[in-house]
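Student: For reference, the file structure29.cif (mmCIF, C-alpha atoms) is included below:
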```cif
data_entry
loop_
_atom_site.label_atom_id
_atom_site.label_comp_id
_atom_site.auth_asym_id
_atom_site.auth_seq_id
_atom_site.Cartn_x
_atom_site.Cartn_y
_atom_site.Cartn_z
CA MET E 26 45.25 -50.44 -159.95
CA ARG E 27 43.48 -47.09 -159.97
CA LEU E 28 43.62 -47.05 -156.17
CA ILE E 29 47.39 -47.53 -156.32
CA TYR E 30 47.73 -44.58 -158.70
CA LEU E 31 45.58 -42.38 -156.48
CA LEU E 32 47.66 -43.29 -153.43
CA ALA E 33 50.79 -42.44 -155.40
CA VAL E 34 49.27 -39.06 -156.29
CA LEU E 35 48.65 -38.28 -152.64
CA ALA E 36 52.19 -39.34 -151.73
CA ALA E 37 53.62 -37.11 -154.46
CA MET E 38 51.60 -34.15 -153.22
CA ALA E 39 52.91 -34.63 -149.68
CA GLN E 40 56.47 -34.87 -150.96
CA PHE E 41 56.36 -31.71 -153.04
CA ALA E 42 54.55 -29.72 -150.36
CA SER E 43 57.74 -29.69 -148.29
CA ALA E 44 60.35 -30.14 -151.04
CA GLY E 45 63.52 -28.16 -150.44
CA VAL E 46 62.82 -27.14 -146.83
CA LEU E 47 65.11 -28.67 -144.21
CA ALA E 48 63.87 -26.77 -141.15
CA SER E 49 61.57 -23.91 -140.17
CA ARG E 50 61.83 -21.54 -137.22
CA PHE E 51 59.76 -18.58 -136.00
CA ASN E 52 61.47 -15.45 -134.64
CA TYR E 53 59.25 -13.58 -132.20
CA SER E 54 61.53 -10.54 -132.31
CA THR E 55 60.99 -9.97 -136.04
CA GLY E 56 57.59 -11.65 -136.35
CA SER E 57 58.81 -13.63 -139.38
CA THR E 58 59.06 -17.33 -140.17
CA TYR E 59 62.42 -18.55 -141.51
CA HIS E 60 62.98 -21.66 -143.64
CA LEU E 61 66.33 -23.38 -144.19
CA LEU E 62 66.52 -24.77 -147.74
CA GLU E 63 68.50 -27.62 -149.21
CA SER E 64 71.87 -26.74 -150.73
CA THR E 65 71.50 -25.17 -154.17
CA THR E 66 72.25 -21.96 -156.08
CA TRP E 67 71.19 -18.49 -154.98
CA THR E 68 68.83 -18.22 -157.96
CA ALA E 69 67.14 -21.55 -157.23
CA SER E 70 66.90 -20.67 -153.54
CA GLN E 71 65.19 -17.37 -154.33
CA ALA E 72 62.70 -19.13 -156.63
CA GLU E 73 61.81 -21.52 -153.80
CA ALA E 74 61.56 -18.57 -151.41
CA ARG E 75 58.91 -16.97 -153.63
CA ARG E 76 56.96 -20.23 -153.70
CA LEU E 77 57.02 -20.23 -149.91
CA GLY E 78 55.62 -16.70 -149.83
CA GLY E 79 58.80 -14.77 -149.04
CA ASP E 80 62.33 -13.98 -150.21
CA LEU E 81 65.83 -14.90 -149.21
CA VAL E 82 66.31 -13.26 -145.83
CA THR E 83 66.65 -9.50 -145.44
CA ILE E 84 68.85 -8.82 -142.40
CA ASP E 85 68.05 -5.55 -140.65
CA ASP E 86 70.50 -5.58 -137.73
CA LEU E 87 73.19 -7.54 -135.93
CA ASP E 88 70.67 -9.26 -133.65
CA GLU E 89 68.83 -10.76 -136.62
CA ASN E 90 72.13 -11.69 -138.29
CA ASN E 91 73.31 -13.53 -135.18
CA TRP E 92 69.95 -15.25 -134.76
CA VAL E 93 70.05 -16.58 -138.34
CA TYR E 94 73.65 -17.76 -137.94
CA ASP E 95 73.14 -19.34 -134.50
CA THR E 96 69.83 -20.96 -135.46
CA PHE E 97 70.69 -22.58 -138.78
CA THR E 98 74.45 -23.18 -138.87
CA PRO E 99 74.29 -26.09 -136.37
CA LEU E 100 71.73 -27.83 -138.61
CA VAL E 101 74.08 -28.10 -141.60
CA ALA E 102 77.56 -29.10 -140.47
CA ASP E 103 78.93 -29.11 -144.03
CA ALA E 104 77.59 -25.65 -144.89
CA GLY E 105 79.87 -23.43 -146.93
CA GLY E 106 77.54 -20.53 -146.23
CA LEU E 107 73.95 -19.38 -145.81
CA TRP E 108 72.47 -17.51 -148.76
CA ILE E 109 70.87 -14.15 -147.89
CA GLY E 110 68.89 -11.83 -150.15
CA LEU E 111 71.64 -9.27 -150.80
CA ASN E 112 72.92 -9.04 -154.40
CA ASP E 113 74.31 -6.62 -156.99
CA VAL E 114 72.98 -8.29 -160.13
CA ALA E 115 71.32 -5.11 -161.42
CA ASN E 116 74.27 -2.79 -160.83
CA GLU E 117 77.77 -4.04 -159.98
CA GLY E 118 78.84 -2.82 -156.57
CA ALA E 119 75.40 -1.49 -155.62
CA PHE E 120 74.08 -4.25 -153.38
CA GLU E 121 70.35 -4.38 -152.73
CA TRP E 122 67.92 -6.69 -150.99
CA VAL E 123 65.87 -8.92 -153.28
CA SER E 124 62.85 -8.08 -151.10
CA GLY E 125 63.11 -4.44 -152.19
CA GLU E 126 63.71 -3.20 -148.64
CA PRO E 127 66.35 -0.48 -148.19
CA VAL E 128 69.86 -1.52 -147.15
CA THR E 129 70.29 -0.10 -143.64
CA PHE E 130 72.72 -2.68 -142.24
CA THR E 131 75.65 -4.68 -143.65
CA ASN E 132 78.08 -7.12 -142.05
CA TRP E 133 80.83 -7.71 -144.63
CA THR E 134 83.93 -9.55 -143.51
CA ALA E 135 87.33 -7.90 -144.09
CA SER E 136 88.14 -6.95 -147.73
CA GLU E 137 84.66 -7.95 -148.92
CA PRO E 138 82.78 -7.57 -151.18
CA ASN E 139 85.51 -7.72 -153.83
CA ASN E 140 83.81 -9.39 -156.84
CA SER E 141 86.89 -11.54 -157.23
CA GLY E 142 86.82 -15.31 -157.38
CA PRO E 143 87.71 -18.29 -159.54
CA GLN E 144 84.10 -18.88 -160.65
CA GLY E 145 83.35 -15.52 -162.21
CA ALA E 146 81.33 -12.50 -161.11
CA GLU E 147 80.46 -12.57 -157.42
CA ASN E 148 77.01 -11.01 -157.27
CA PHE E 149 75.46 -12.83 -154.31
CA ALA E 150 75.99 -12.53 -150.56
CA HIS E 151 76.12 -15.31 -148.00
CA ILE E 152 76.85 -15.62 -144.29
CA VAL E 153 80.21 -17.28 -143.69
CA THR E 154 79.73 -20.53 -141.75
CA LYS E 155 83.01 -22.32 -142.41
CA PRO E 156 86.61 -21.20 -141.69
CA PHE E 157 88.26 -19.90 -144.86
CA LEU E 158 91.20 -17.51 -145.26
CA ASN E 159 90.74 -14.65 -142.80
CA PHE E 160 86.93 -14.64 -142.96
CA VAL E 161 85.07 -14.13 -139.68
CA LEU E 162 82.29 -16.63 -139.01
CA GLY E 163 78.89 -14.96 -139.07
CA GLU E 164 80.03 -12.12 -141.34
CA TRP E 165 79.28 -11.78 -145.07
CA ASN E 166 81.12 -12.58 -148.29
CA ASP E 167 80.16 -12.20 -151.96
CA VAL E 168 80.36 -15.27 -154.20
CA ALA E 169 79.25 -16.55 -157.60
CA ASP E 170 75.88 -18.23 -158.12
CA ASN E 171 76.80 -21.84 -157.42
CA ALA E 172 75.70 -24.43 -154.89
CA ALA E 173 79.04 -25.21 -153.19
CA MET E 174 77.20 -26.49 -150.11
CA ARG E 175 75.42 -23.19 -149.54
CA TYR E 176 71.96 -23.24 -148.02
CA GLY E 177 69.32 -20.57 -148.55
CA VAL E 178 67.55 -18.95 -145.61
CA VAL E 179 64.05 -17.76 -146.52
CA GLU E 180 62.20 -15.09 -144.57
CA VAL E 181 58.41 -15.07 -144.76
CA PRO E 182 57.18 -11.85 -143.12
CA GLY E 183 54.56 -12.09 -140.41
CA PHE E 184 51.23 -10.33 -140.58
CA ILE E 185 50.54 -9.84 -136.86
CA GLN E 186 51.57 -6.90 -134.71
CA ASN E 187 52.49 -7.71 -131.10
CA GLY E 188 51.50 -11.36 -131.44
CA SER E 189 53.47 -12.24 -128.31
CA PHE E 190 51.84 -9.43 -126.28
CA GLU E 191 55.16 -7.96 -125.18
CA THR E 192 53.90 -4.38 -125.69
CA PRO E 193 53.29 -2.48 -123.50
CA ASP E 194 55.63 -3.76 -120.81
CA VAL E 195 53.55 -4.35 -117.67
CA SER E 196 54.41 -5.50 -114.16
CA PRO E 197 52.73 -7.31 -112.53
CA GLY E 198 49.82 -6.79 -114.91
CA ARG E 199 47.37 -4.27 -116.27
CA LEU E 200 43.68 -4.22 -117.09
CA PHE E 201 42.48 -2.89 -120.43
CA GLY E 202 38.92 -1.97 -121.35
CA PHE E 203 36.72 -1.01 -124.26
CA GLY E 204 38.46 1.42 -126.62
CA ASP E 205 41.97 0.72 -125.32
CA SER E 206 44.85 -0.22 -127.62
CA ILE E 207 47.32 -2.98 -126.71
CA GLY E 208 50.26 -2.65 -129.08
CA GLY E 209 48.33 -3.22 -132.31
CA TRP E 210 45.29 -4.88 -130.72
CA ASN E 211 42.04 -3.06 -129.95
CA VAL E 212 39.65 -3.94 -127.14
CA VAL E 213 36.29 -3.85 -128.91
CA SER E 214 34.19 -5.19 -126.04
CA GLY E 215 34.58 -5.85 -122.33
CA ASN E 216 36.64 -4.16 -119.63
CA THR E 217 38.79 -6.92 -118.11
CA ALA E 218 41.40 -7.80 -120.75
CA PHE E 219 44.39 -8.49 -118.50
CA LEU E 220 47.98 -8.34 -119.75
CA ILE E 221 50.12 -10.46 -117.41
CA ASP E 222 53.87 -10.34 -116.78
CA GLN E 223 55.40 -13.70 -115.86
CA VAL E 224 58.15 -12.03 -113.81
CA THR E 225 55.75 -11.37 -110.95
CA ASN E 226 53.24 -14.12 -111.72
CA THR E 227 53.82 -17.84 -111.73
CA GLY E 228 52.18 -18.37 -115.11
CA GLU E 229 54.68 -18.88 -117.94
CA PRO E 230 53.87 -17.55 -121.42
CA VAL E 231 54.68 -19.49 -124.58
CA ASP E 232 57.21 -16.86 -125.61
CA GLY E 233 58.63 -13.69 -124.13
CA ASN E 234 57.46 -12.45 -120.73
CA GLN E 235 53.76 -11.70 -121.19
CA PHE E 236 50.43 -13.16 -122.29
CA ILE E 237 46.86 -11.85 -122.22
CA GLU E 238 43.67 -13.02 -120.53
CA ILE E 239 40.31 -12.34 -122.16
CA HIS E 240 37.29 -13.01 -119.91
CA GLY E 241 34.14 -11.55 -121.39
CA ASP E 242 36.34 -9.45 -123.67
CA THR E 243 37.01 -9.26 -127.41
CA ILE E 244 40.29 -8.03 -128.86
CA GLN E 245 40.69 -7.26 -132.55
CA GLN E 246 43.45 -6.54 -135.05
CA THR E 247 43.22 -5.69 -138.75
CA VAL E 248 45.65 -7.92 -140.66
CA THR E 249 47.11 -6.27 -143.76
CA GLY E 250 49.31 -7.30 -146.68
CA LEU E 251 47.37 -10.44 -147.59
CA LYS E 252 47.25 -11.79 -151.15
CA VAL E 253 43.76 -12.41 -152.50
CA GLY E 254 43.18 -16.13 -153.07
CA GLN E 255 46.21 -17.17 -151.00
CA ARG E 256 45.73 -19.72 -148.22
CA TYR E 257 47.03 -18.68 -144.79
CA LYS E 258 47.35 -20.33 -141.40
CA LEU E 259 46.52 -18.63 -138.12
CA THR E 260 48.40 -20.19 -135.20
CA TYR E 261 47.90 -19.31 -131.55
CA TYR E 262 48.28 -20.88 -128.11
CA ALA E 263 45.49 -20.96 -125.54
CA THR E 264 45.11 -21.93 -121.89
CA ALA E 265 42.92 -21.19 -118.86
CA ARG E 266 43.25 -20.71 -115.10
CA THR E 267 40.85 -20.53 -112.19
CA LEU E 268 40.17 -18.11 -109.36
CA PRO E 269 37.93 -18.89 -106.36
CA ASP E 270 34.81 -17.72 -108.21
CA TYR E 271 35.91 -18.64 -111.74
CA PHE E 272 35.68 -22.34 -112.55
CA GLY E 273 33.69 -24.70 -114.73
CA SER E 274 33.45 -24.38 -118.53
CA GLY E 275 34.61 -21.62 -120.84
CA SER E 276 35.73 -20.91 -124.38
CA ILE E 277 38.05 -18.75 -126.45
CA ILE E 278 36.75 -18.06 -129.95
CA ALA E 279 39.09 -17.01 -132.77
CA THR E 280 37.63 -15.63 -136.00
CA ILE E 281 39.33 -14.63 -139.26
CA GLY E 282 38.56 -14.81 -142.98
CA GLY E 283 35.18 -16.43 -142.43
CA GLU E 284 36.69 -19.23 -140.33
CA THR E 285 36.09 -19.76 -136.60
CA ASP E 286 37.98 -21.83 -134.04
CA HIS E 287 36.74 -22.71 -130.53
CA TYR E 288 39.12 -23.56 -127.71
CA ASP E 289 36.89 -25.09 -125.03
CA TYR E 290 38.07 -25.84 -121.51
CA PHE E 291 36.76 -27.11 -118.17
CA LEU E 292 38.45 -26.60 -114.81
CA PRO E 293 36.85 -27.81 -111.56
CA SER E 294 36.70 -25.57 -108.50
CA GLY E 295 39.45 -27.51 -106.73
CA SER E 296 42.00 -26.64 -109.42
CA TYR E 297 42.49 -23.08 -108.18
CA LEU E 298 46.11 -21.94 -108.28
CA TYR E 299 46.76 -18.24 -107.83
CA ASN E 300 47.82 -16.44 -111.01
CA SER E 301 48.90 -19.60 -112.79
CA PRO E 302 47.47 -21.29 -115.88
CA VAL E 303 46.46 -24.75 -114.73
CA SER E 304 45.51 -26.01 -118.17
CA PRO E 305 48.49 -26.75 -120.46
CA TRP E 306 49.04 -24.38 -123.37
CA ALA E 307 47.31 -25.82 -126.43
CA ARG E 308 48.40 -24.98 -129.96
CA ARG E 309 45.56 -24.06 -132.32
CA ASP E 310 45.76 -23.84 -136.13
CA VAL E 311 43.13 -22.31 -138.41
CA GLU E 312 43.49 -22.09 -142.19
CA PHE E 313 41.66 -19.51 -144.29
CA ILE E 314 41.74 -18.14 -147.83
CA ALA E 315 42.14 -14.38 -148.16
CA ALA E 316 39.17 -12.76 -149.88
CA ASP E 317 40.78 -9.32 -149.63
CA THR E 318 44.16 -7.78 -148.85
CA THR E 319 42.98 -7.16 -145.28
CA ALA E 320 41.14 -9.30 -142.75
CA SER E 321 39.78 -8.73 -139.27
CA LEU E 322 41.14 -11.08 -136.60
CA THR E 323 39.26 -11.32 -133.31
CA PHE E 324 39.65 -13.30 -130.10
CA SER E 325 36.71 -13.47 -127.69
CA GLY E 326 36.58 -15.02 -124.23
CA THR E 327 33.40 -16.15 -122.53
CA ALA E 328 32.42 -14.20 -119.40
CA ALA E 329 31.55 -17.29 -117.36
CA GLY E 330 33.91 -19.96 -116.12
CA PRO E 331 37.72 -19.92 -115.84
CA LEU E 332 39.90 -17.15 -117.22
CA GLY E 333 40.98 -17.90 -120.79
CA ALA E 334 44.37 -16.71 -122.06
CA ILE E 335 46.19 -16.58 -125.41
CA ASP E 336 49.77 -16.04 -126.55
CA ALA E 337 52.11 -16.44 -129.54
CA VAL E 338 49.64 -15.38 -132.25
CA ARG E 339 50.95 -15.48 -135.81
CA ILE E 340 49.80 -15.83 -139.41
CA THR E 341 51.87 -17.50 -142.13
CA ALA E 342 51.26 -18.16 -145.81
CA VAL E 343 50.64 -21.79 -146.75
CA PRO E 344 53.12 -22.65 -149.55
CA GLU E 345 51.69 -23.14 -152.99
CA PRO E 346 52.41 -26.44 -154.78
CA SER E 347 55.46 -26.37 -157.02
CA THR E 348 55.15 -26.51 -160.81
CA ALA E 349 56.70 -29.96 -160.83
CA ALA E 350 54.11 -31.21 -158.39
CA ILE E 351 51.29 -29.84 -160.54
CA PHE E 352 52.57 -31.57 -163.67
CA LEU E 353 53.14 -34.82 -161.81
CA LEU E 354 49.72 -34.63 -160.22
CA GLY E 355 48.04 -34.00 -163.57
CA GLY E 356 49.84 -36.87 -165.24
CA MET E 357 49.17 -39.35 -162.48
CA LEU E 358 45.52 -38.36 -162.21
CA GLY E 359 45.21 -38.87 -165.94
CA MET E 360 46.59 -42.37 -165.59
CA ALA E 361 44.33 -43.02 -162.62
CA ILE E 362 41.08 -42.04 -164.33
CA ARG E 363 41.84 -43.30 -167.84
CA PRO E 364 39.20 -45.91 -168.79
CA LYS E 365 40.43 -49.46 -168.79
CA ARG E 366 40.52 -51.00 -172.24
CA ASN E 367 37.93 -53.66 -172.87
CA ALA E 368 39.75 -56.76 -174.09
CA SER E 369 36.66 -58.07 -175.82
CA ALA E 370 36.46 -54.94 -177.95
CA ILE E 371 39.97 -55.29 -179.34
CA THR E 372 39.97 -56.27 -183.00
CA ARG E 373 42.71 -58.72 -183.78
CA PRO E 374 43.98 -59.32 -187.30
CA LEU E 375 42.80 -62.52 -188.93
CA VAL E 376 45.36 -65.26 -188.95
CA LYS E 377 45.48 -67.02 -192.27
#
```
As structure tokens, what does this structure read like?

Tutor:
Amino acid sequence: MRLIYLLAVLAAMAQFASAGVLASRFNYSTGSTYHLLESTTWTASQAEARRLGGDLVTIDDLDENNWVYDTFTPLVADAGGLWIGLNDVANEGAFEWVSGEPVTFTNWTASEPNNSGPQGAENFAHIVTKPFLNFVLGEWNDVADNAAMRYGVVEVPGFIQNGSFETPDVSPGRLFGFGDSIGGWNVVSGNTAFLIDQVTNTGEPVDGNQFIEIHGDTIQQTVTGLKVGQRYKLTYYATARTLPDYFGSGSIIATIGGETDHYDYFLPSGSYLYNSPVSPWARRDVEFIAADTTASLTFSGTAAGPLGAIDAVRITAVPEPSTAAIFLLGGMLGMAIRPKRNASAITRPLVK
């Protein structure tokens, strides 16, 4: 019986770890991860956003607005709107982002915001996803704090600069050496870090147009904005290619927060293909707990063997368990470990 309870505890933990999230997408243009939540109120959506390590989305320009609309609207056919972080709860008419970022872009539909509706004060903004009156799809409207088939979009900011290696723009490629900066990355050892542009090379990056090779090199970036004690996940993609004199075994080593990940590869001499990764891109995930608000992230490539390459580097916060999950876990663990009563020790009343 105790085993059954323990299995139930594990199942409950898995359920609550993803409760409320319908889909997640990463935007390489903004460097943020976005989560689509189940339909609920703006207030409940924002509470879930904080648990996930972010806020309801702050939209900085039309490109981001269109990306959010195009990405998530098809996933919820019945959506009455997508909650965003804009609100005027503190001061009527003075809309502000819940993230605290300044309002530099708005996309209100005609005659909005008007704080006029049948359900009371309209203090919360959403992206219009369903035809109604003269509203333009993809623009914004203010509404009251009710579910009404509205789905929150959470933005969890990224912590990596130039994780897709799109800066600087190179064609066909460019070597970087010790002391050079590569759009937020620093070459701290070696002289052959090679930024490659897929336009003139047959290798295809995971995202964007460029990726970087590190062969006997180490690149480093100081990650900032971490929360002490929070668990984070480093994700990156790795591959390797050969040249006539570069084959055999090699490794890429990622290090952050006291954790290390090795991507090991082997390519025989006959696998040579000019300027093309011949090993499929492999996704790598490394979790670490922040001991400080900053952490040093390094990638090192061995000098011998094929040419190792990386792309699509990002760090995201691992969501904390919800309060409900904690209470459920505590209760079920209590039931699981409670000593079984000894029937022989039970004192029964005497029957006269």

Student: Skipping near chain neighbours, those fewer than 3 positions away, what residues fall within 7 Å of Ala169 of chain E using only C-alpha atoms, listed as a list in words?

Tutor: Gln144, Gly145, Ala146, Glu147, Asn148 and Phe149 of chain E

Student: Which residues match the PyMOL selection byres ((chain E and resi 236-239) around 7) in the file above, as a list in words?

Tutor: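 This file gives the following for the PyMOL selection byres ((chain E and resi 236-239) around 7): Ser189, Phe190, Thr217, Ala218, Phe219, Leu220, Ile221, Pro230, Gln235, His240, Gly241, Asp242, Thr243, Ser325, Gly326, Leu332, Gly333, Ala334, Ile335 and Asp336 of chain E.
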
Student: Running the PyMOL selection byres ((chain E and resi 113) around 9) on this model by hand, what would come out? Give it as a PyMOL selection string.

Tutor: chain E and resi 111-112+114-122+147-150

Student: Could you save those same residues with C-alpha atoms as a compact mmCIF listing (two decimals), in the frame of the given file?

Tutor:
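Below you can see selection03.txt, which holds the result:
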```txt
# COMPACT_ATOMS: atom_id res chain seq x y z
CA LEU E 111 71.64 -9.27 -150.80
CA ASN E 112 72.92 -9.04 -154.40
CA VAL E 114 72.98 -8.29 -160.13
CA ALA E 115 71.32 -5.11 -161.42
CA ASN E 116 74.27 -2.79 -160.83
CA GLU E 117 77.77 -4.04 -159.98
CA GLY E 118 78.84 -2.82 -156.57
CA ALA E 119 75.40 -1.49 -155.62
CA PHE E 120 74.08 -4.25 -153.38
CA GLU E 121 70.35 -4.38 -152.73
CA TRP E 122 67.92 -6.69 -150.99
CA GLU E 147 80.46 -12.57 -157.42
CA ASN E 148 77.01 -11.01 -157.27
CA PHE E 149 75.46 -12.83 -154.31
CA ALA E 150 75.99 -12.53 -150.56
```

Student: Rounded to one decimal in Å, what is the spacing between atom CA of Phe272 of chain E and atom CA of Thr285 of chain E?

Tutor: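 Spanning atom CA of Phe272 of chain E to atom CA of Thr285 of chain E is a straight-line distance of 24.2 Å.
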
Student: Using the chain letters and numbering of this document, enumerate as a PDB file with C-alpha atoms, keeping the file's coordinate frame the residues selected by the PyMOL selection byres ((chain E and resi 94) around 10).

Tutor:
```
ATOM      1  CA  ASP E  88      70.670  -9.260-133.650  1.00  0.00           C
ATOM      2  CA  GLU E  89      68.830 -10.760-136.620  1.00  0.00           C
ATOM      3  CA  ASN E  90      72.130 -11.690-138.290  1.00  0.00           C
ATOM      4  CA  ASN E  91      73.310 -13.530-135.180  1.00  0.00           C
ATOM      5  CA  TRP E  92      69.950 -15.250-134.760  1.00  0.00           C
ATOM      6  CA  VAL E  93      70.050 -16.580-138.340  1.00  0.00           C
ATOM      7  CA  ASP E  95      73.140 -19.340-134.500  1.00  0.00           C
ATOM      8  CA  THR E  96      69.830 -20.960-135.460  1.00  0.00           C
ATOM      9  CA  PHE E  97      70.690 -22.580-138.780  1.00  0.00           C
ATOM     10  CA  THR E  98      74.450 -23.180-138.870  1.00  0.00           C
ATOM     11  CA  PRO E  99      74.290 -26.090-136.370  1.00  0.00           C
ATOM     12  CA  GLY E 106      77.540 -20.530-146.230  1.00  0.00           C
ATOM     13  CA  LEU E 107      73.950 -19.380-145.810  1.00  0.00           C
ATOM     14  CA  ILE E 152      76.850 -15.620-144.290  1.00  0.00           C
ATOM     15  CA  VAL E 153      80.210 -17.280-143.690  1.00  0.00           C
ATOM     16  CA  THR E 154      79.730 -20.530-141.750  1.00  0.00           C
ATOM     17  CA  LEU E 162      82.290 -16.630-139.010  1.00  0.00           C
ATOM     18  CA  GLY E 163      78.890 -14.960-139.070  1.00  0.00           C
ATOM     19  CA  GLU E 164      80.030 -12.120-141.340  1.00  0.00           C
ATOM     20  CA  VAL E 178      67.550 -18.950-145.610  1.00  0.00           C
TER      21      VAL E 178
END
```

Student: Considering only C-alpha atoms, give me a table of residues in segment 224-331 of chain E that are at most 12 Å from segment 51-75 of chain E, with the closest atom pair and distance in Å for each, as a tab-separated table.

Tutor:
```
residue	atom	partner	partner_atom	distance
E:Val231	CA	E:Tyr53	CA	10.7
E:Asp232	CA	E:Tyr53	CA	7.6
E:Gly233	CA	E:Tyr53	CA	8.1
E:Asn234	CA	E:Tyr53	CA	11.7
E:Thr260	CA	E:Phe51	CA	11.5
```

Student: Calculated over only C-alpha atoms, which of the candidates E:Leu158, E:Ile278, E:Ala265, E:Leu322 has the smallest distance to Pro305 of chain E?

Tutor: E:Ala265

Student: Have a look at E:Arg266, E:His287, E:Arg339, E:Arg76 and name the one nearest to Ser304 of chain E; count all atoms listed in the file.

Tutor: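 Among the listed residues, the smallest separation from Ser304 of chain E belongs to E:Arg266.
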